[in-house]
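Worksheet for the structure shown next.
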Amino acid sequence: MESIIVRGGRRLSGEVRVEGAKNSALKLMAASLLAPGISRITNVPDIADVEVMSEVLSVLGAKVTRVDHALTVDATDITSFVAPYEMVARMRASISVLGPLVARYGQARIAMPGGCNIGSRKIDMHISGLAELGVEIHMGHGFIDAIAPAEGLHAGHVMLEFPSVGATENLLMAAVVARGTSVIDNAAREPEIVDLIAFLNGMGARITGGGSPTVTIEGVESLHPVEHAVVGDRVEAGTFVVAGALSGGPITVRGFDPAHLELVLQKLRQTGCRVSLLPDGVTIERTQPIRPVDIQTLPYPGFPTDLQAQFMALLAIAEGNSIITENVFENRFMFADELVRMGADIRIESHHALVKGVAQLSGAPVKSTDLRAGAALVIAGLLADGETVVGDIYHIDRGYERLVEKLQALGADVERREL
């Protein structure tokens, strides 16, 4: 099995371009099921999760073709409404085919989802929200069976108890063809939600309010294929920006909208970094010791949980104490134990982490506990003394395209190798 080996001590500099957002591309692929014909999605990252979603769509009968970073989905003839366990268990985002299948075909059978081991991500809001649109749900034997009324879905008013990204996406994709006007209150506001809405509107949907807590969907009779470019990946961008903060930089990160990382960049400035905004990215540089800051993860536009681990790696070498509060996923501090192996001083109390800055991290054998933790361990190794060996890197491959090559281009001493 391959590992990533990082030898620390090099100052990174240069320019890197991020790919399209994983968390958007997967949902756009699912949304392609809503219309017969061929939809074309560009700026699609070459990552393991996209391959898994391609397999899921293929099992359903869609024809998925990829050329470089462009992907086509021919959803003319869907032959199955069952997303099997062996695929869904590999990637939680597979649950997003539920809404499109019920909307277009009136039925779906989806295995209960898996994904990163970062805590409970219940699907209750998906189920109750779809019920408001008339969907009858049965759960048992590890599957979700969904059946729409014979006359089709009807409009509903859904109040989410939490601004769940997945529930918002499934409800959007179902409500676009429901009779009447639906409303989702307390909807997720992430840029990837806005991207999905743009994709759906390009297919002929009528959705307003994207990026706000209240989204209104006026149902239409049918949709048509579309061509759409995936929004830039703000989490990949944030990972490289934090890498620049750790190593000193300057590093320029392009290919995303810096407004999507507004709070993250604000926190980096508070640590003492210089951040310059560009039309399609940022440049970051640090010439002084890292100052401690406190962060708490929250749904967008709050601090993203997907950048919490990277920030913990940064704050581990700050001059002072920081408190990180994780409000989204309860198991996301599993990563802290691996960072402690590298010499970090971190104490976990419930959903708080007290991070006492140390002068130097030390290279050590560590394992990725989830996708973002894996990337955080790699960038922590950039500043560690000696060699860091990161195992279980299949987590990293789920969401980062050519992470090692991109870091090498910035001057890092890093490689993939079978051990």
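Going through the structure tokens in order, the chains are called A, B, and so on, while each chain numbers its residues from 1 and the ligands are numbered from 1 in the order shown.
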
For Met1 of chain A: contacts at 10 Å, only C-alpha atoms, fewer than 5 positions along chain excluded, given as a PyMOL selection string: chain A and resi 391-394+417-419

Compile a residue-level contact table for segment 69-166 of chain A against segment 200-219 of chain A at a cut-off of 9 Å, reporting for every qualifying residue the shortest atom pair and its distance in Å to one decimal, with only C-alpha atoms counted, rows ordered by chain and ascending number, as CSV.
residue,atom,partner,partner_atom,distance
A:His154,CA,A:Gly219,CA,8.6
A:Ala155,CA,A:Gly219,CA,7.5
A:Pro163,CA,A:Pro213,CA,8.1

Can you pull out every residue within 7 Å of Ile251 of chain A, counting only C-alpha atoms, but drop anything in the same chain fewer than 2 positions away, and send it as a PyMOL selection string? chain A and resi 13-15+244+249+253+283-285

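Proximity of A:Tyr300, A:Phe199, A:Phe240, A:Phe256 to Ala25 of chain A, computed with only C-alpha atoms, is greatest for A:Phe199.
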
Residues flagged strand (DSSP E or B) by DSSP in segment 351-413 of chain A, as a PyMOL selection string: chain A and resi 352-356+362+365-367+385+387-391+413
